file start_37.pdb (PDB, C-alpha atoms, pLDDT in the B column)
ATOM      1  CA  MET I   1       2.499 -10.471  -3.102  1.00 95.00           C
ATOM      2  CA  PHE I   2      -0.421  -9.812  -0.758  1.00 97.00           C
ATOM      3  CA  LYS I   3       1.700 -10.419   2.358  1.00 97.00           C
ATOM      4  CA  ILE I   4       4.319  -7.928   1.159  1.00 97.00           C
ATOM      5  CA  VAL I   5       1.720  -5.291   0.350  1.00 98.00           C
ATOM      6  CA  LYS I   6      -0.251  -5.892   3.564  1.00 98.00           C
ATOM      7  CA  LYS I   7       2.855  -5.426   5.705  1.00 97.00           C
ATOM      8  CA  ALA I   8       3.735  -2.122   4.008  1.00 98.00           C
ATOM      9  CA  VAL I   9       0.145  -0.834   3.970  1.00 98.00           C
ATOM     10  CA  ASP I  10      -0.387  -1.708   7.630  1.00 97.00           C
ATOM     11  CA  GLU I  11       2.787   0.249   8.438  1.00 96.00           C
ATOM     12  CA  PHE I  12       1.494   3.117   6.250  1.00 96.00           C
ATOM     13  CA  ASN I  13      -1.630   3.198   8.458  1.00 95.00           C
ATOM     14  CA  PRO I  14      -2.741   6.592   7.085  1.00 92.00           C
ATOM     15  CA  PHE I  15      -5.501   7.226   9.613  1.00 91.00           C
ATOM     16  CA  CYS I  16      -3.637   5.749  12.584  1.00 91.00           C
ATOM     17  CA  LEU I  17      -6.365   3.138  12.912  1.00 91.00           C
ATOM     18  CA  LEU I  18      -3.985   0.333  13.790  1.00 92.00           C
ATOM     19  CA  PRO I  19      -3.425  -1.279  16.249  1.00 91.00           C
ATOM     20  CA  ASP I  20      -6.875  -0.411  17.661  1.00 92.00           C
ATOM     21  CA  ALA I  21      -8.805  -1.441  14.536  1.00 92.00           C
ATOM     22  CA  PRO I  22      -9.131  -5.072  13.439  1.00 92.00           C
ATOM     23  CA  ASP I  23      -5.983  -6.586  11.917  1.00 93.00           C
ATOM     24  CA  ASP I  24      -7.711  -6.790   8.533  1.00 96.00           C
ATOM     25  CA  GLU I  25      -8.592  -3.065   8.419  1.00 95.00           C
ATOM     26  CA  PHE I  26      -6.708  -2.380   5.164  1.00 97.00           C
ATOM     27  CA  ASP I  27      -6.861  -5.882   3.648  1.00 98.00           C
ATOM     28  CA  SER I  28      -9.239  -4.956   0.824  1.00 97.00           C
ATOM     29  CA  GLU I  29      -6.943  -2.111  -0.219  1.00 98.00           C
ATOM     30  CA  SER I  30      -3.901  -4.374   0.102  1.00 98.00           C
ATOM     31  CA  ARG I  31      -5.550  -7.038  -2.087  1.00 98.00           C
ATOM     32  CA  ASP I  32      -6.449  -4.443  -4.700  1.00 98.00           C
ATOM     33  CA  ILE I  33      -2.905  -3.048  -4.756  1.00 98.00           C
ATOM     34  CA  ALA I  34      -1.311  -6.520  -4.825  1.00 98.00           C
ATOM     35  CA  GLY I  35      -3.497  -7.483  -7.771  1.00 98.00           C
ATOM     36  CA  ARG I  36      -2.349  -4.477  -9.786  1.00 98.00           C
ATOM     37  CA  ILE I  37       1.426  -4.688  -9.310  1.00 98.00           C
ATOM     38  CA  ASN I  38       4.154  -7.146 -10.245  1.00 96.00           C
ATOM     39  CA  VAL I  39       7.928  -7.515 -10.031  1.00 94.00           C
ATOM     40  CA  ASN I  40       8.332  -5.159 -12.991  1.00 96.00           C
ATOM     41  CA  SER I  41       6.353  -2.323 -11.406  1.00 97.00           C
ATOM     42  CA  THR I  42       8.373   0.800 -10.683  1.00 98.00           C
ATOM     43  CA  VAL I  43       8.232   2.669  -7.381  1.00 98.00           C
ATOM     44  CA  GLU I  44       6.341   5.445  -9.146  1.00 98.00           C
ATOM     45  CA  GLU I  45       3.782   3.016 -10.587  1.00 98.00           C
ATOM     46  CA  ILE I  46       3.255   1.402  -7.190  1.00 98.00           C
ATOM     47  CA  ALA I  47       2.847   4.821  -5.537  1.00 98.00           C
ATOM     48  CA  SER I  48       0.305   5.807  -8.184  1.00 98.00           C
ATOM     49  CA  ILE I  49      -1.677   2.611  -7.564  1.00 98.00           C
ATOM     50  CA  ILE I  50      -1.589   3.119  -3.788  1.00 98.00           C
ATOM     51  CA  SER I  51      -2.755   6.698  -4.282  1.00 98.00           C
ATOM     52  CA  SER I  52      -5.593   5.614  -6.540  1.00 98.00           C
ATOM     53  CA  VAL I  53      -6.763   2.764  -4.309  1.00 98.00           C
ATOM     54  CA  PHE I  54      -6.721   4.780  -1.086  1.00 98.00           C
ATOM     55  CA  SER I  55      -8.268   7.865  -2.702  1.00 97.00           C
ATOM     56  CA  ARG I  56     -11.138   5.748  -3.999  1.00 97.00           C
ATOM     57  CA  SER I  57     -11.589   3.724  -0.798  1.00 96.00           C
ATOM     58  CA  PHE I  58     -11.644   6.675   1.561  1.00 95.00           C
ATOM     59  CA  ASP I  59     -13.048   9.390  -0.719  1.00 95.00           C
ATOM     60  CA  GLU I  60     -10.071  11.555   0.112  1.00 95.00           C
ATOM     61  CA  ILE I  61      -7.130  12.592  -2.057  1.00 96.00           C
ATOM     62  CA  PHE I  62      -3.936  10.678  -1.345  1.00 97.00           C
ATOM     63  CA  GLU I  63      -1.121  12.444  -3.174  1.00 97.00           C
ATOM     64  CA  ILE I  64       1.344  10.177  -4.951  1.00 97.00           C
ATOM     65  CA  ALA I  65       4.202  11.795  -3.024  1.00 97.00           C
ATOM     66  CA  TYR I  66       2.504  10.785   0.246  1.00 97.00           C
ATOM     67  CA  CYS I  67       2.499   7.161  -0.949  1.00 98.00           C
ATOM     68  CA  MET I  68       6.143   7.007  -2.092  1.00 98.00           C
ATOM     69  CA  LYS I  69       7.666   5.632   1.115  1.00 98.00           C
ATOM     70  CA  THR I  70       5.157   2.774   1.170  1.00 98.00           C
ATOM     71  CA  ALA I  71       5.746   2.140  -2.525  1.00 98.00           C
ATOM     72  CA  GLU I  72       9.506   2.019  -1.927  1.00 98.00           C
ATOM     73  CA  LYS I  73       9.028  -0.561   0.842  1.00 98.00           C
ATOM     74  CA  ILE I  74       6.867  -2.728  -1.421  1.00 98.00           C
ATOM     75  CA  HIS I  75       9.230  -2.376  -4.377  1.00 98.00           C
ATOM     76  CA  HIS I  76      12.247  -3.256  -2.233  1.00 97.00           C
ATOM     77  CA  ALA I  77      10.519  -6.284  -0.675  1.00 97.00           C
ATOM     78  CA  ILE I  78       9.369  -7.589  -4.057  1.00 96.00           C
ATOM     79  CA  ASN I  79      12.803  -7.247  -5.605  1.00 92.00           C
ATOM     80  CA  HIS I  80      14.726  -8.609  -2.628  1.00 88.00           C
ATOM     81  CA  LYS I  81      12.322 -11.454  -1.797  1.00 67.00           C
ATOM     82  CA  GLU I  82      11.805 -10.335   1.786  1.00 50.00           C
TER      83      GLU I  82
END
call {"tool": "encode", "arguments": {"input": "start_37.pdb", "output": "structure tokens"}}
result
Amino acid sequence: MFKIVKKAVDEFNPFCLLPDAPDDEFDSESRDIAGRINVNSTVEEIASIISSVFSRSFDEIFEIAYCMKTAEKIHHAINHKE
């Protein structure tokens, strides 16, 4: 699950830190998200978790709508075993 989430979160790259930042820049957020979702999580639930994790980590509001594309990627990868 972590690998799926990490890939999507690294592509999300909300502050355009990658590729200049270390490869593990968002790993703590990815671990947190991966630990809170499962194969039964909906896109909306995943987006809400991403929003919550990033808002808390960066002390900035991440709207759920802003997190939907990343949530869709994670949901698709989980359900299609990519």
call {"tool": "axis_aligned_box", "arguments": {"input": "start_37.pdb", "around": "range 9-22 of chain I", "padding_each_side": "4 Å", "output": "lines of an AutoDock Vina configuration file"}}
result
center_x = -3.2
center_y = 1.1
center_z = 10.8
size_x = 19.9
size_y = 20.3
size_z = 21.7
call {"tool": "residues_around", "arguments": {"input": "start_37.pdb", "residues": "Ile74 in chain I", "least_positions_apart": "5", "cutoff": "7 Å", "atoms": "all atoms listed in the file", "output": "NGL selection string"}}
result
:I and (4-5 or 8)
call {"tool": "write_last_selection", "arguments": {"input": "start_37.pdb", "atoms": "C-alpha atoms", "output": "short mmCIF file (atom, residue, chain, number, x, y, z; two decimals), in the coordinates of the input"}}
result
data_model
loop_
_atom_site.label_atom_id
_atom_site.label_comp_id
_atom_site.auth_asym_id
_atom_site.auth_seq_id
_atom_site.Cartn_x
_atom_site.Cartn_y
_atom_site.Cartn_z
CA ILE I 4 4.32 -7.93 1.16
CA VAL I 5 1.72 -5.29 0.35
CA ALA I 8 3.74 -2.12 4.01
#
call {"tool": "atom_distance", "arguments": {"input": "start_37.pdb", "atom1": "CA of Ser28 in chain I", "atom2": "CA of Lys3 in chain I"}}
result
12.3 Å
call {"tool": "atom_distance", "arguments": {"input": "start_37.pdb", "atom1": "CA of Lys69 in chain I", "atom2": "CA of Lys6 in chain I"}}
result
14.2 Å
call {"tool": "residues_around", "arguments": {"input": "start_37.pdb", "residues": "range 41-58 of chain I", "least_positions_apart": "6", "cutoff": "12 Å", "atoms": "all atoms listed in the file", "output": "PyMOL selection string"}}
result
chain I and resi 5-6+8-9+12-15+25-35+64-79
call {"tool": "atom_distance", "arguments": {"input": "start_37.pdb", "atom1": "CA of Pro22 in chain I", "atom2": "CA of Phe2 in chain I"}}
result
17.3 Å
